[in-house]
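K.L.:
Here you go, model_15.txt (compact mmCIF, C-alpha atoms and all ligand atoms):
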# COMPACT_ATOMS: atom_id res chain seq x y z
CA MET A 288 0.00 0.00 0.00
CA ILE A 289 1.18 3.51 -0.80
CA GLY A 290 2.16 5.41 2.35
CA LEU A 291 2.28 9.13 3.01
CA ASN A 292 6.06 9.05 3.09
CA ASP A 293 6.15 7.74 -0.47
CA TYR A 294 5.12 11.25 -1.55
CA ALA A 295 8.15 12.87 0.07
CA PRO A 296 10.50 12.42 -2.92
CA ILE A 297 7.92 14.13 -5.13
CA VAL A 298 6.67 17.01 -2.98
CA GLY A 299 9.34 17.29 -0.27
CA GLN A 300 9.42 16.01 3.33
CA GLU A 301 8.29 19.43 4.54
CA VAL A 302 4.88 18.96 2.89
CA ILE A 303 4.37 15.58 4.58
CA ASP A 304 5.41 16.99 7.97
CA GLN A 305 2.91 19.78 7.55
CA LEU A 306 0.08 17.32 6.85
CA GLN A 307 0.96 15.42 10.00
CA ARG A 308 0.99 18.61 12.05
CA LEU A 309 -2.44 19.61 10.72
CA ALA A 310 -3.88 16.15 11.36
CA ALA A 311 -2.53 16.23 14.93
CA CYS A 312 -4.09 19.64 15.42
CA LEU A 313 -7.46 18.34 14.18
CA GLY A 314 -7.48 15.03 16.03
CA PRO A 315 -9.15 11.75 15.01
CA ARG A 316 -12.37 12.99 13.40
CA ARG A 317 -15.04 10.99 11.56
CA PHE A 318 -15.38 12.18 7.96
CA VAL A 319 -18.02 10.93 5.50
CA HIS A 320 -17.94 11.64 1.76
CA ILE A 321 -21.09 11.11 -0.31
CA ASN A 322 -21.24 11.16 -4.10
CA SER A 323 -23.11 9.31 -6.84
CA THR A 324 -20.63 6.92 -8.47
CA ARG A 325 -17.64 4.88 -7.41
CA THR A 326 -16.15 4.84 -10.92
CA GLY A 327 -16.13 7.18 -13.89
CA GLY A 328 -15.51 10.91 -13.82
CA GLY A 329 -13.29 13.18 -11.79
CA VAL A 330 -15.07 13.03 -8.41
CA ALA A 331 -14.73 9.25 -8.13
CA GLU A 332 -11.14 9.55 -9.31
CA ILE A 333 -10.35 12.03 -6.52
CA LEU A 334 -12.15 10.17 -3.73
CA GLU A 335 -10.55 6.85 -4.55
CA ARG A 336 -7.16 8.37 -3.77
CA ALA A 337 -8.04 10.85 -1.01
CA VAL A 338 -9.86 8.42 1.29
CA PRO A 339 -6.88 6.13 2.07
CA LEU A 340 -4.55 9.08 2.65
CA LEU A 341 -6.98 10.74 5.06
CA GLU A 342 -7.22 7.40 6.90
CA GLN A 343 -3.44 7.24 7.19
CA LEU A 344 -3.58 10.65 8.83
CA GLY A 345 -5.76 9.22 11.59
CA LEU A 346 -9.24 10.13 10.37
CA ASP A 347 -12.09 7.64 10.37
CA VAL A 348 -13.28 8.02 6.76
CA LYS A 349 -16.30 6.57 4.94
CA TRP A 350 -17.11 6.93 1.27
CA GLU A 351 -20.82 6.46 0.57
CA VAL A 352 -22.41 6.35 -2.88
CA ILE A 353 -26.10 7.02 -3.44
CA GLN A 354 -28.00 4.72 -5.75
CA GLY A 355 -30.73 5.68 -8.15
CA ASP A 356 -32.67 4.49 -11.17
CA GLN A 357 -32.22 5.67 -14.75
CA GLU A 358 -34.82 8.40 -14.28
CA PHE A 359 -33.00 9.79 -11.23
CA PHE A 360 -29.68 10.03 -13.10
CA GLU A 361 -31.40 11.63 -16.09
CA ILE A 362 -32.79 14.28 -13.73
CA THR A 363 -29.46 14.86 -11.97
CA LYS A 364 -27.59 15.00 -15.30
CA ALA A 365 -30.12 17.64 -16.38
CA MET A 366 -29.32 19.53 -13.15
CA HIS A 367 -25.62 19.22 -13.95
CA ASN A 368 -26.21 20.53 -17.47
CA ALA A 369 -28.32 23.38 -16.08
CA LEU A 370 -25.58 24.40 -13.64
CA GLN A 371 -23.23 24.45 -16.63
CA GLY A 372 -25.53 26.85 -18.47
CA TYR A 373 -28.06 24.82 -20.49
CA LYS A 374 -31.67 25.95 -20.30
CA VAL A 375 -33.43 23.10 -18.51
CA ASP A 376 -36.99 22.71 -17.24
CA LEU A 377 -37.48 20.26 -14.41
CA SER A 378 -41.13 19.37 -13.80
CA PRO A 379 -42.56 19.07 -10.27
CA ALA A 380 -42.75 15.28 -10.80
CA MET A 381 -39.04 15.17 -11.61
CA LEU A 382 -38.17 17.18 -8.52
CA ASP A 383 -40.34 14.83 -6.43
CA HIS A 384 -38.48 11.84 -7.84
CA TYR A 385 -35.15 13.48 -7.00
CA ARG A 386 -36.30 14.03 -3.39
CA GLU A 387 -37.76 10.53 -3.14
CA ILE A 388 -34.55 8.78 -4.23
CA ASN A 389 -32.61 10.85 -1.71
CA ARG A 390 -35.12 9.82 0.96
CA GLU A 391 -34.70 6.13 0.09
CA ASN A 392 -30.91 6.40 0.21
CA ALA A 393 -31.00 8.20 3.54
CA ARG A 394 -32.52 5.11 5.19
CA LYS A 395 -29.34 3.13 4.47
CA PHE A 396 -27.01 5.61 6.15
CA THR A 397 -26.97 4.92 9.86
CA TRP A 398 -23.52 6.29 10.76
CA GLU A 399 -22.79 9.29 12.91
CA SER A 400 -20.03 11.64 11.89
CA ASP A 401 -18.18 14.85 12.67
CA PHE A 402 -17.99 16.04 9.05
CA VAL A 403 -19.97 15.17 5.95
CA LEU A 404 -18.83 16.39 2.55
CA VAL A 405 -21.61 15.97 -0.02
CA HIS A 406 -20.37 16.11 -3.60
CA ASP A 407 -22.47 17.78 -6.30
CA PRO A 408 -26.29 17.96 -6.63
CA GLN A 409 -27.19 14.25 -6.76
CA PRO A 410 -27.01 13.56 -2.98
CA ALA A 411 -27.45 17.18 -1.84
CA TYR A 412 -31.01 16.63 -0.58
CA LEU A 413 -29.85 13.98 1.94
CA ILE A 414 -29.24 16.71 4.49
CA ASN A 415 -33.01 16.97 4.95
CA PHE A 416 -33.11 13.46 6.41
CA LEU A 417 -29.70 13.02 7.99
CA ARG A 418 -28.79 16.35 9.53
CA PRO A 419 -28.75 15.17 13.19
CA GLN A 420 -26.27 12.43 12.29
CA ALA A 421 -23.34 14.81 11.74
CA LYS A 422 -22.02 17.98 13.31
CA HIS A 423 -20.79 19.70 10.14
CA TRP A 424 -22.43 19.49 6.71
CA ILE A 425 -20.47 20.92 3.79
CA TRP A 426 -21.50 20.90 0.12
CA ARG A 427 -18.78 20.44 -2.49
CA CYS A 428 -19.55 21.63 -6.03
CA HIS A 429 -17.27 20.22 -8.74
CA ILE A 430 -19.28 21.71 -11.59
CA ASP A 431 -18.57 24.77 -13.73
CA ALA A 432 -21.33 26.87 -12.15
CA SER A 433 -20.14 30.14 -13.67
CA ARG A 434 -23.44 30.75 -15.52
CA PRO A 435 -26.14 28.44 -14.13
CA ASP A 436 -29.70 28.23 -15.36
CA ARG A 437 -31.47 30.47 -12.85
CA GLY A 438 -34.54 28.25 -12.30
CA VAL A 439 -32.59 25.09 -11.51
CA TRP A 440 -30.06 26.97 -9.39
CA LYS A 441 -32.91 28.50 -7.37
CA PHE A 442 -34.14 24.99 -6.54
CA LEU A 443 -30.65 23.83 -5.55
CA GLN A 444 -29.86 27.06 -3.74
CA GLU A 445 -32.62 26.35 -1.23
CA ILE A 446 -31.15 22.93 -0.54
CA VAL A 447 -27.53 24.07 -0.42
CA SER A 448 -28.41 26.95 1.90
CA GLN A 449 -29.05 24.38 4.63
CA TYR A 450 -25.37 23.43 4.65
CA GLU A 451 -22.99 25.31 6.93
CA ALA A 452 -20.48 25.97 4.13
CA SER A 453 -19.79 25.14 0.52
CA VAL A 454 -16.66 24.52 -1.51
CA PHE A 455 -16.08 25.50 -5.15
CA SER A 456 -13.09 24.91 -7.42
CA MET A 457 -12.64 28.55 -8.41
CA SER A 458 -13.98 31.99 -7.47
CA GLN A 459 -15.94 32.31 -10.74
CA PHE A 460 -18.23 29.50 -9.56
CA ALA A 461 -19.10 31.01 -6.17
CA GLN A 462 -22.81 31.73 -5.62
CA ASN A 463 -25.13 33.85 -3.56
CA LEU A 464 -25.38 31.67 -0.43
CA PRO A 465 -25.96 32.48 3.23
CA HIS A 466 -22.84 30.71 4.48
CA PRO A 467 -19.05 30.77 4.02
CA GLN A 468 -17.72 29.57 0.68
CA TYR A 469 -14.24 28.08 0.27
CA LEU A 470 -12.11 27.53 -2.81
CA ILE A 471 -10.32 24.21 -3.08
CA ARG A 472 -8.66 23.16 -6.33
CA PRO A 473 -8.96 19.49 -7.29
CA SER A 474 -5.82 17.41 -7.58
CA ILE A 475 -4.27 14.26 -8.99
CA ASP A 476 -2.34 11.51 -7.27
CA PRO A 477 1.15 11.14 -8.81
CA LEU A 478 1.44 7.58 -7.44
CA SER A 479 -1.87 6.23 -8.73
CA GLU A 480 -2.05 3.76 -11.62
CA LYS A 481 -3.35 6.67 -13.73
CA ASN A 482 -0.28 8.81 -13.13
CA ARG A 483 2.69 6.72 -11.96
CA ASP A 484 5.74 6.53 -14.19
CA LEU A 485 5.56 3.86 -16.87
CA SER A 486 8.43 2.29 -18.76
CA THR A 487 8.52 2.59 -22.55
CA VAL A 488 7.86 -1.16 -22.70
CA GLU A 489 4.68 -0.76 -20.61
CA VAL A 490 3.49 2.10 -22.83
CA GLN A 491 4.16 0.14 -26.01
CA GLU A 492 2.39 -2.92 -24.65
CA VAL A 493 -0.81 -0.89 -24.18
CA LEU A 494 -0.58 0.67 -27.66
CA ASP A 495 -0.14 -2.78 -29.20
CA ARG A 496 -3.11 -4.11 -27.27
CA LEU A 497 -5.30 -1.17 -28.35
CA GLY A 498 -4.09 -1.38 -31.95
CA ILE A 499 -2.54 2.09 -32.10
CA GLU A 500 0.43 2.48 -34.38
CA ARG A 501 2.98 5.21 -33.77
CA ASP A 502 3.51 5.97 -37.45
CA LYS A 503 2.35 9.62 -37.06
CA PRO A 504 2.17 12.10 -34.19
CA ILE A 505 -0.70 11.26 -31.85
CA ILE A 506 -3.25 13.86 -30.70
CA LEU A 507 -5.32 12.62 -27.76
CA GLN A 508 -8.43 13.64 -25.87
CA VAL A 509 -9.58 11.50 -22.91
CA SER A 510 -13.11 12.28 -21.74
CA ARG A 511 -16.51 10.93 -20.92
CA PHE A 512 -18.70 11.23 -24.03
CA ASP A 513 -20.35 14.46 -22.90
CA SER A 514 -21.36 17.42 -25.04
CA PHE A 515 -19.47 19.88 -22.78
CA LYS A 516 -16.23 18.01 -23.60
CA ASP A 517 -16.89 18.89 -27.27
CA PRO A 518 -15.53 15.71 -28.88
CA VAL A 519 -17.13 16.72 -32.19
CA GLY A 520 -15.25 20.04 -32.05
CA VAL A 521 -12.03 18.08 -31.55
CA ILE A 522 -12.78 16.04 -34.67
CA GLN A 523 -13.44 19.25 -36.63
CA ALA A 524 -10.12 20.68 -35.47
CA PHE A 525 -8.32 17.46 -36.35
CA ARG A 526 -9.77 17.42 -39.87
CA MET A 527 -8.44 20.97 -40.39
CA VAL A 528 -4.96 20.00 -39.20
CA ARG A 529 -4.85 16.85 -41.26
CA ARG A 530 -5.24 18.78 -44.53
CA HIS A 531 -1.71 20.12 -44.00
CA THR A 532 0.08 17.99 -41.43
CA PRO A 533 0.09 14.21 -41.00
CA CYS A 534 -1.13 13.10 -37.56
CA LYS A 535 -3.71 10.86 -35.96
CA LEU A 536 -6.44 11.49 -33.40
CA VAL A 537 -7.32 9.18 -30.54
CA LEU A 538 -10.53 9.90 -28.64
CA ALA A 539 -10.65 7.74 -25.54
CA GLY A 540 -13.74 7.75 -23.40
CA GLY A 541 -15.76 5.69 -21.04
CA GLU A 542 -19.08 5.75 -19.31
CA ALA A 543 -20.10 6.75 -15.81
CA ILE A 544 -23.13 5.29 -14.04
CA ASP A 545 -24.38 8.75 -13.15
CA ASP A 546 -24.13 10.01 -16.75
CA PRO A 547 -26.88 8.51 -18.95
CA GLU A 548 -26.12 10.76 -21.94
CA GLY A 549 -22.96 8.88 -22.97
CA PRO A 550 -24.44 6.57 -25.66
CA ARG A 551 -26.11 9.48 -27.52
CA ILE A 552 -22.93 11.57 -27.62
CA PHE A 553 -20.90 8.48 -28.56
CA ALA A 554 -23.18 7.96 -31.60
CA GLU A 555 -22.65 11.62 -32.63
CA VAL A 556 -18.89 11.15 -32.35
CA MET A 557 -18.95 8.01 -34.50
CA GLU A 558 -20.93 9.88 -37.14
CA ALA A 559 -18.53 12.84 -37.11
CA ALA A 560 -15.50 10.53 -37.41
CA LYS A 561 -16.93 8.53 -40.34
CA ASN A 562 -14.57 7.79 -43.25
CA GLU A 563 -11.50 9.07 -41.44
CA PRO A 564 -8.99 6.24 -40.95
CA ASP A 565 -6.71 8.39 -38.81
CA ILE A 566 -9.27 8.80 -36.06
CA GLN A 567 -9.45 6.03 -33.48
CA ILE A 568 -12.25 6.01 -30.96
CA LEU A 569 -11.76 3.88 -27.88
CA LEU A 570 -14.53 2.97 -25.49
CA LEU A 571 -12.67 2.12 -22.29
CA PRO A 572 -13.98 0.55 -19.07
CA PRO A 573 -14.02 2.89 -16.06
CA ASP A 574 -11.06 1.16 -14.42
CA ALA A 575 -8.74 1.50 -17.44
CA HIS A 576 -6.34 3.72 -15.47
CA HIS A 577 -3.22 2.00 -16.76
CA GLU A 578 -4.42 2.33 -20.36
CA VAL A 579 -5.22 6.05 -19.97
CA ASN A 580 -1.82 6.61 -18.38
CA ALA A 581 -0.05 4.89 -21.30
CA LEU A 582 -2.13 6.73 -23.92
CA GLN A 583 -1.31 10.08 -22.33
CA ARG A 584 2.40 9.21 -22.22
CA ALA A 585 2.42 8.01 -25.84
CA SER A 586 0.76 11.15 -27.19
CA ASP A 587 2.51 14.13 -28.74
CA ILE A 588 -0.21 16.66 -27.96
CA ILE A 589 -3.12 16.37 -25.55
CA VAL A 590 -6.35 18.26 -26.07
CA GLN A 591 -9.22 19.02 -23.69
CA LYS A 592 -11.46 21.19 -25.79
CA SER A 593 -14.27 21.59 -23.26
CA THR A 594 -16.89 24.32 -23.53
CA ARG A 595 -17.57 24.16 -19.76
CA GLU A 596 -15.31 22.46 -17.24
CA GLY A 597 -15.42 22.20 -13.45
CA PHE A 598 -11.68 21.63 -13.37
CA GLY A 599 -10.48 19.13 -15.96
CA LEU A 600 -8.39 16.46 -14.27
CA THR A 601 -7.44 15.15 -17.70
CA VAL A 602 -5.57 18.43 -18.23
CA THR A 603 -3.70 18.02 -14.94
CA GLU A 604 -2.88 14.39 -15.73
CA ALA A 605 -1.46 15.32 -19.13
CA MET A 606 0.57 18.23 -17.72
CA TRP A 607 2.01 15.98 -15.02
CA LYS A 608 3.26 13.69 -17.79
CA GLY A 609 5.17 16.59 -19.31
CA LYS A 610 2.84 17.03 -22.29
CA ALA A 611 1.90 20.15 -24.18
CA VAL A 612 -1.83 20.60 -23.59
CA ILE A 613 -4.38 22.59 -25.58
CA GLY A 614 -7.56 23.29 -23.63
CA GLY A 615 -10.82 25.16 -24.02
CA ALA A 616 -10.59 28.56 -22.31
CA VAL A 617 -13.28 27.73 -19.76
CA GLY A 618 -13.70 26.88 -16.08
CA GLY A 619 -10.86 25.19 -14.26
CA ILE A 620 -8.81 24.71 -17.42
CA VAL A 621 -7.98 28.41 -17.23
CA LEU A 622 -6.38 27.84 -13.82
CA GLN A 623 -4.03 25.30 -15.33
CA LEU A 624 -3.00 26.44 -18.79
CA ARG A 625 -1.13 29.68 -19.39
CA ASP A 626 -0.49 30.52 -23.05
CA TYR A 627 3.10 29.84 -24.20
CA ASN A 628 3.93 28.74 -20.68
CA THR A 629 2.08 25.68 -19.36
CA GLY A 630 -0.12 25.11 -22.45
CA PHE A 631 -2.52 26.85 -24.81
CA LEU A 632 -6.08 28.03 -24.33
CA VAL A 633 -8.44 28.03 -27.32
CA HIS A 634 -11.95 29.26 -28.06
CA SER A 635 -12.97 27.36 -31.21
CA PRO A 636 -12.19 24.33 -33.39
CA GLU A 637 -10.22 26.70 -35.67
CA GLY A 638 -8.14 27.96 -32.74
CA CYS A 639 -7.57 24.40 -31.59
CA ALA A 640 -6.43 23.38 -35.10
CA PHE A 641 -4.09 26.36 -35.23
CA ARG A 642 -2.43 25.43 -31.92
CA ILE A 643 -2.13 21.75 -32.81
CA ARG A 644 -0.29 22.67 -36.01
CA TYR A 645 1.79 25.26 -34.17
CA LEU A 646 3.01 22.64 -31.69
CA LEU A 647 3.45 19.84 -34.23
CA HIS A 648 5.88 22.11 -36.05
CA ARG A 649 7.70 23.09 -32.83
CA PRO A 650 8.42 19.88 -30.92
CA GLU A 651 11.16 21.59 -28.91
CA MET A 652 8.70 24.21 -27.68
CA ALA A 653 6.14 21.50 -26.89
CA ARG A 654 8.76 19.76 -24.73
CA ARG A 655 9.64 22.99 -22.93
CA MET A 656 6.00 23.78 -22.23
CA GLY A 657 5.48 20.23 -20.99
CA LYS A 658 8.32 20.62 -18.50
CA MET A 659 6.87 23.87 -17.16
CA ALA A 660 3.44 22.27 -16.98
CA GLN A 661 4.80 19.41 -14.90
CA GLU A 662 6.40 21.76 -12.37
CA PHE A 663 3.22 23.83 -12.19
CA VAL A 664 1.23 20.70 -11.30
CA ARG A 665 3.85 19.67 -8.73
CA HIS A 666 3.35 22.95 -6.87
CA HIS A 667 -0.41 23.40 -7.19
CA PHE A 668 -2.38 20.32 -8.14
CA LEU A 669 -1.06 17.24 -6.34
CA ILE A 670 -3.12 15.32 -3.80
CA THR A 671 -0.98 16.36 -0.82
CA ARG A 672 -2.06 19.98 -1.33
CA LYS A 673 -5.72 18.97 -1.50
CA ILE A 674 -5.47 16.89 1.71
CA ARG A 675 -3.91 19.94 3.37
CA ASP A 676 -6.89 22.03 2.22
CA TYR A 677 -9.41 19.51 3.59
CA LEU A 678 -7.68 19.36 6.97
CA THR A 679 -7.52 23.14 7.13
CA LEU A 680 -11.19 23.42 6.19
CA MET A 681 -12.17 21.08 9.03
CA ILE A 682 -10.05 23.01 11.53
CA LEU A 683 -11.61 26.27 10.38
CA ARG A 684 -15.16 24.93 10.66
CA GLU A 685 -14.53 23.64 14.17
CA ASN A 686 -13.22 27.06 15.20
CA PRO A 687 -15.44 29.49 13.34
CA THR A 688 -14.91 32.38 15.74
CA GLU A 689 -11.14 32.19 16.17
CA ARG A 690 -9.42 35.29 14.76
CA ILE A 691 -5.88 33.93 15.03
CA MET A 692 -4.92 30.29 14.83
CA GLU A 693 -1.56 28.63 14.97
CA LEU A 694 -1.55 25.64 12.64
N1 LIG J 1 -11.33 9.07 -17.37
C1 LIG J 1 -10.99 7.75 -17.52
N2 LIG J 1 -11.45 7.08 -18.60
C2 LIG J 1 -12.23 7.67 -19.53
C3 LIG J 1 -12.57 9.03 -19.37
C4 LIG J 1 -12.10 9.72 -18.27
O1 LIG J 1 -10.29 7.16 -16.69
O2 LIG J 1 -12.61 7.02 -20.47
C5 LIG J 1 -10.82 9.78 -16.18
C6 LIG J 1 -9.82 10.85 -16.52
O3 LIG J 1 -8.53 10.29 -16.67
C7 LIG J 1 -9.96 11.78 -15.32
C8 LIG J 1 -11.44 11.66 -14.97
O4 LIG J 1 -11.89 10.42 -15.52
O5 LIG J 1 -9.20 11.30 -14.24
C9 LIG J 1 -12.26 12.79 -15.57
O6 LIG J 1 -12.12 13.93 -14.79
P1 LIG J 1 -12.32 15.38 -15.41
O7 LIG J 1 -12.18 16.34 -14.28
O8 LIG J 1 -11.40 15.58 -16.57
O9 LIG J 1 -13.80 15.37 -16.00
P2 LIG J 1 -15.24 14.91 -15.44
O10 LIG J 1 -15.51 13.58 -16.08
O11 LIG J 1 -15.18 14.85 -13.95
O12 LIG J 1 -16.16 15.95 -15.97
For the structure just supplied, provide its representation as structure tokens.

P.N.:
Amino acid sequence: MIGLNDYAPIVGQEVIDQLQRLAACLGPRRFVHINSTRTGGGVAEILERAVPLLEQLGLDVKWEVIQGDQEFFEITKAMHNALQGYKVDLSPAMLDHYREINRENARKFTWESDFVLVHDPQPAYLINFLRPQAKHWIWRCHIDASRPDRGVWKFLQEIVSQYEASVFSMSQFAQNLPHPQYLIRPSIDPLSEKNRDLSTVEVQEVLDRLGIERDKPIILQVSRFDSFKDPVGVIQAFRMVRRHTPCKLVLAGGEAIDDPEGPRIFAEVMEAAKNEPDIQILLLPPDAHHEVNALQRASDIIVQKSTREGFGLTVTEAMWKGKAVIGGAVGGIVLQLRDYNTGFLVHSPEGCAFRIRYLLHRPEMARRMGKMAQEFVRHHFLITRKIRDYLTLMILRENPTERIMEL
């Protein structure tokens, strides 16, 4: 099992010592996380790695997942889309179903806790049934809520207002709420199967297995098949590049239980990629961490052309692997990519095509940007920093009136 000290060579012993000091200051607290899927998507990815590290720091941690039927996840995906700016109408019957599934799930949760962190809208309503079971209820929003649909946000705002605090990934997502709001950036785990170093033999073995030849530069986007990830825009950009410069595009994606829209978007992608032998579309299982790692390492340029993005862990993962990344200039991607420095931000398929060609013709610059990107991630977006933020948040919530605290 990976221990806290295994991170010291990557982030420095000082960072590990600080985590231990904070954990000692907090004491052995009970901490429950609740989300809506154990695999698929960034939230599951983060929790899978954060829970064991928090346990090693002496916390008693539980990770609960709410269950729902197809209708429930269609409603909550509509809420997700509405928070990201789509116009969505949720009927009273849909809202009742959302409440009812939360009520049913609440019956299964009999624990008592010091802190509960509820991730995103799906389980947000649980607080109505479980409030006495925990001292501190905090809502964590991972979504790009910069321009939410007002009607849907109004519904959620009433629910979220019952929490004692909320956490967003960046200031642009903060909302009008009657409680303190905190900013915590997501993070990746450099020692996970998704991000650990791989040998060239390991990388090649995966490419052989997936049938990807390295006869041309590889452009990659890894994403759930979701319209906000704009896979069709990536294909348009690729077709523009290909007219002038030989390269191939790999679109790797999987499904998440809480995202029922995947098959429809996947069909659109297949249609857009028709008759183009240099596009490979891979439908990967949710636990294909090793494969994603190898694909990212084998690629020359990595794209994340989202039109809304809570954070974009795929961007962080690619940067950590020393890759030049081109990302949509939205949401959390903007926190990660700085033009000519740690990557490129783009606003359209044309802009994306321009930057792909620019980098394909300047491999030395792509390497330099990749190096800077990796250092940027080391300092800002590794899991040790996020654990520090969680511990600090808990200490702050337990001492809301303290003006000066020695941590
Ligand atoms: N991911 C994966 N396989 C896929 C698609 C995505 O393992 O087919 C992972 C990806 O590597 C990243 C996470 O799922 O760790 C997606 O997080 P991100 O923040 O990029 O987007 P989200 O899906 O949460 O909107």

K.L.:
Find the residues with any atom within 7 Å of (-15.9, 1.7, -15.1); use only C-alpha atoms and the coordinates as given in the file, and write the answer as a list in words.

P.N.:
Thr326, Gly327, Glu542, Ala543, Pro572, Pro573 and Asp574 of chain A

K.L.:
Would you work out the distance separating atom CA of Ile388 of chain A from atom CA of Ile414 of chain A, expressed in Å to one decimal?

P.N.:
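Interatomic distance, atom CA of Ile388 of chain A to atom CA of Ile414 of chain A: 12.9 Å.
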
K.L.:
All residues within 7 Å of ligand LIG 1 (chain J) are required, counting only C-alpha atoms and all ligand atoms; please report them as a list of chain:residue names.

P.N.:
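These are the residues that qualify: A:Gly327, A:Gly328, A:Gly329, A:Val330, A:Glu332, A:Lys481, A:Val509, A:Ser510, A:Arg511, A:Ala539, A:Gly540, A:Gly541, A:Glu542, A:Leu570, A:Leu571, A:Pro572, A:Pro573, A:Asp574, A:Ala575, A:His576, A:Val579, A:Glu596, A:Gly597, A:Phe598, A:Gly599, A:Leu600, A:Thr601, A:Val602.
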
K.L.:
For the interface of segment 416-473 of chain A with segment 314-325 of chain A (cut-off 12 Å, counting all atoms listed in the file), please tabulate each contacting residue of segment 416-473 of chain A alongside its nearest pair of atoms and their separation in Å to one decimal, rows sorted by chain and increasing number, as a Markdown table.

P.N.:
| residue | atom | partner | partner_atom | distance |
| --- | --- | --- | --- | --- |
| A:Gln420 | CA | A:Val319 | CA | 10.8 |
| A:Ala421 | CA | A:Val319 | CA | 9.1 |
| A:Lys422 | CA | A:Arg317 | CA | 10.0 |
| A:His423 | CA | A:Phe318 | CA | 9.5 |
| A:Trp424 | CA | A:Val319 | CA | 9.7 |
| A:Ile425 | CA | A:His320 | CA | 9.8 |
| A:Trp426 | CA | A:Ile321 | CA | 9.8 |
| A:Arg427 | CA | A:Asn322 | CA | 9.7 |
| A:Cys428 | CA | A:Asn322 | CA | 10.8 |
| A:His429 | CA | A:Asn322 | CA | 10.9 |

K.L.:
Between atom CA of Asn686 of chain A and atom CA of His666 of chain A, what is the distance in Å, rounded to a tenth?

P.N.:
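Between these atoms lies a distance of 27.9 Å.
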
K.L.:
One decimal, Å: what's the distance from atom CA of Ala560 of chain A over to atom CA of Val633 of chain A, could you say?

P.N.:
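The value is 21.4 Å.
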
K.L.:
Within 12 Å of (-9.1, 18.7, -40.6) (file coordinates; only C-alpha atoms), which protein or nucleic acid residues are there? I'd like them as a PyMOL selection string.

P.N.:
chain A and resi 519-536+559-560+563+565-566+636-637+639-641+643-644

K.L.:
Which centre and edge lengths in Å to one decimal define the box along x, y and z that fits every listed atom of segment 404-411 of chain A plus 4 Å per side, as AutoDock Vina command-line options?

P.N.:
--center_x -23.1 --center_y 15.8 --center_z -2.1 --size_x 16.6 --size_y 12.4 --size_z 17.3

K.L.:
From the options A:Pro518, A:Pro477, A:Asn482, A:Ile613, which residue's atoms come nearest to Glu558 of chain A, counting all atoms listed in the file?

P.N.:
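Comparing A:Pro518, A:Pro477, A:Asn482, A:Ile613 against Glu558 of chain A, the winner is A:Pro518.
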
K.L.:
I'd like the neighbourhood of Leu309 of chain A as a VMD selection string, where a residue qualifies if any of its atoms comes within 12 Å (using all atoms listed in the file), though same-chain residues fewer than 5 positions away should be ignored.

P.N.:
chain A and resid 302 to 304 314 to 315 341 344 to 346 674 to 683 692 to 694

K.L.:
Considering only C-alpha atoms, state which residue in the set A:Arg336, A:His466, A:Arg665, A:His634 is at the smallest distance from Pro687 of chain A.

P.N.:
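Going through A:Arg336, A:His466, A:Arg665, A:His634 one by one, the smallest distance to Pro687 of chain A is for A:His466.
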
K.L.:
List the neighbours of Arg496 of chain A out to 12 Å using all atoms listed in the file; skip same-chain residues closer than 5 positions along the sequence, and give me the result as a PyMOL selection string.

P.N.:
chain A and resi 489-491+569+578+581-582

K.L.:
Restricting the output to C-alpha atoms, write the selected residues as a tab-separated table (two decimals), keeping the file's coordinate frame.

P.N.:
chain	number	residue	atom	x	y	z
A	489	GLU	CA	4.68	-0.76	-20.61
A	490	VAL	CA	3.49	2.10	-22.83
A	491	GLN	CA	4.16	0.14	-26.01
A	569	LEU	CA	-11.76	3.88	-27.88
A	578	GLU	CA	-4.42	2.33	-20.36
A	581	ALA	CA	-0.05	4.89	-21.30
A	582	LEU	CA	-2.13	6.73	-23.92

K.L.:
Which residues come within 9 Å of Gly290 of chain A, counting only C-alpha atoms, excluding same-chain residues fewer than 3 positions away, as a list in words?

P.N.:
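Close residues of Gly290 of chain A: Asp293, Tyr294, Leu340 and Gln343 of chain A.
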
K.L.:
Using C-alpha atoms, can you write the selected residues to a file as an mmCIF file, in the frame of the given file?

P.N.:
data_model
loop_
_atom_site.group_PDB
_atom_site.id
_atom_site.type_symbol
_atom_site.label_atom_id
_atom_site.label_comp_id
_atom_site.auth_asym_id
_atom_site.auth_seq_id
_atom_site.Cartn_x
_atom_site.Cartn_y
_atom_site.Cartn_z
ATOM 1 C CA ASP A 293 6.150 7.740 -0.470
ATOM 2 C CA TYR A 294 5.120 11.250 -1.550
ATOM 3 C CA LEU A 340 -4.550 9.080 2.650
ATOM 4 C CA GLN A 343 -3.440 7.240 7.190
#

K.L.:
Neighbouring residues of segment 360-362 of chain A were defined as those with any atom within 9 Å, considering all atoms listed in the file; residues of the same chain fewer than 3 positions away were excluded. Please report them as a PyMOL selection string.

P.N.:
chain A and resi 355-357+365-367+377+381-382+384-385+409+544-548

K.L.:
Which residue gives the smallest distance to Val403 of chain A among A:Asn463, A:Ser453, A:Gln567, A:Gln300, with only C-alpha atoms counted?

P.N.:
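Ranking A:Asn463, A:Ser453, A:Gln567, A:Gln300 by distance to Val403 of chain A, first place goes to A:Ser453.
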
K.L.:
So that I can see what lies close to Ala611 of chain A, please list as number ranges by chain the residues with an atom at most 7 Å from it, counting all atoms listed in the file and leaving out residues fewer than 4 positions away in the same chain.

P.N.:
A: 588-589, 606, 630, 653-654, 656-657
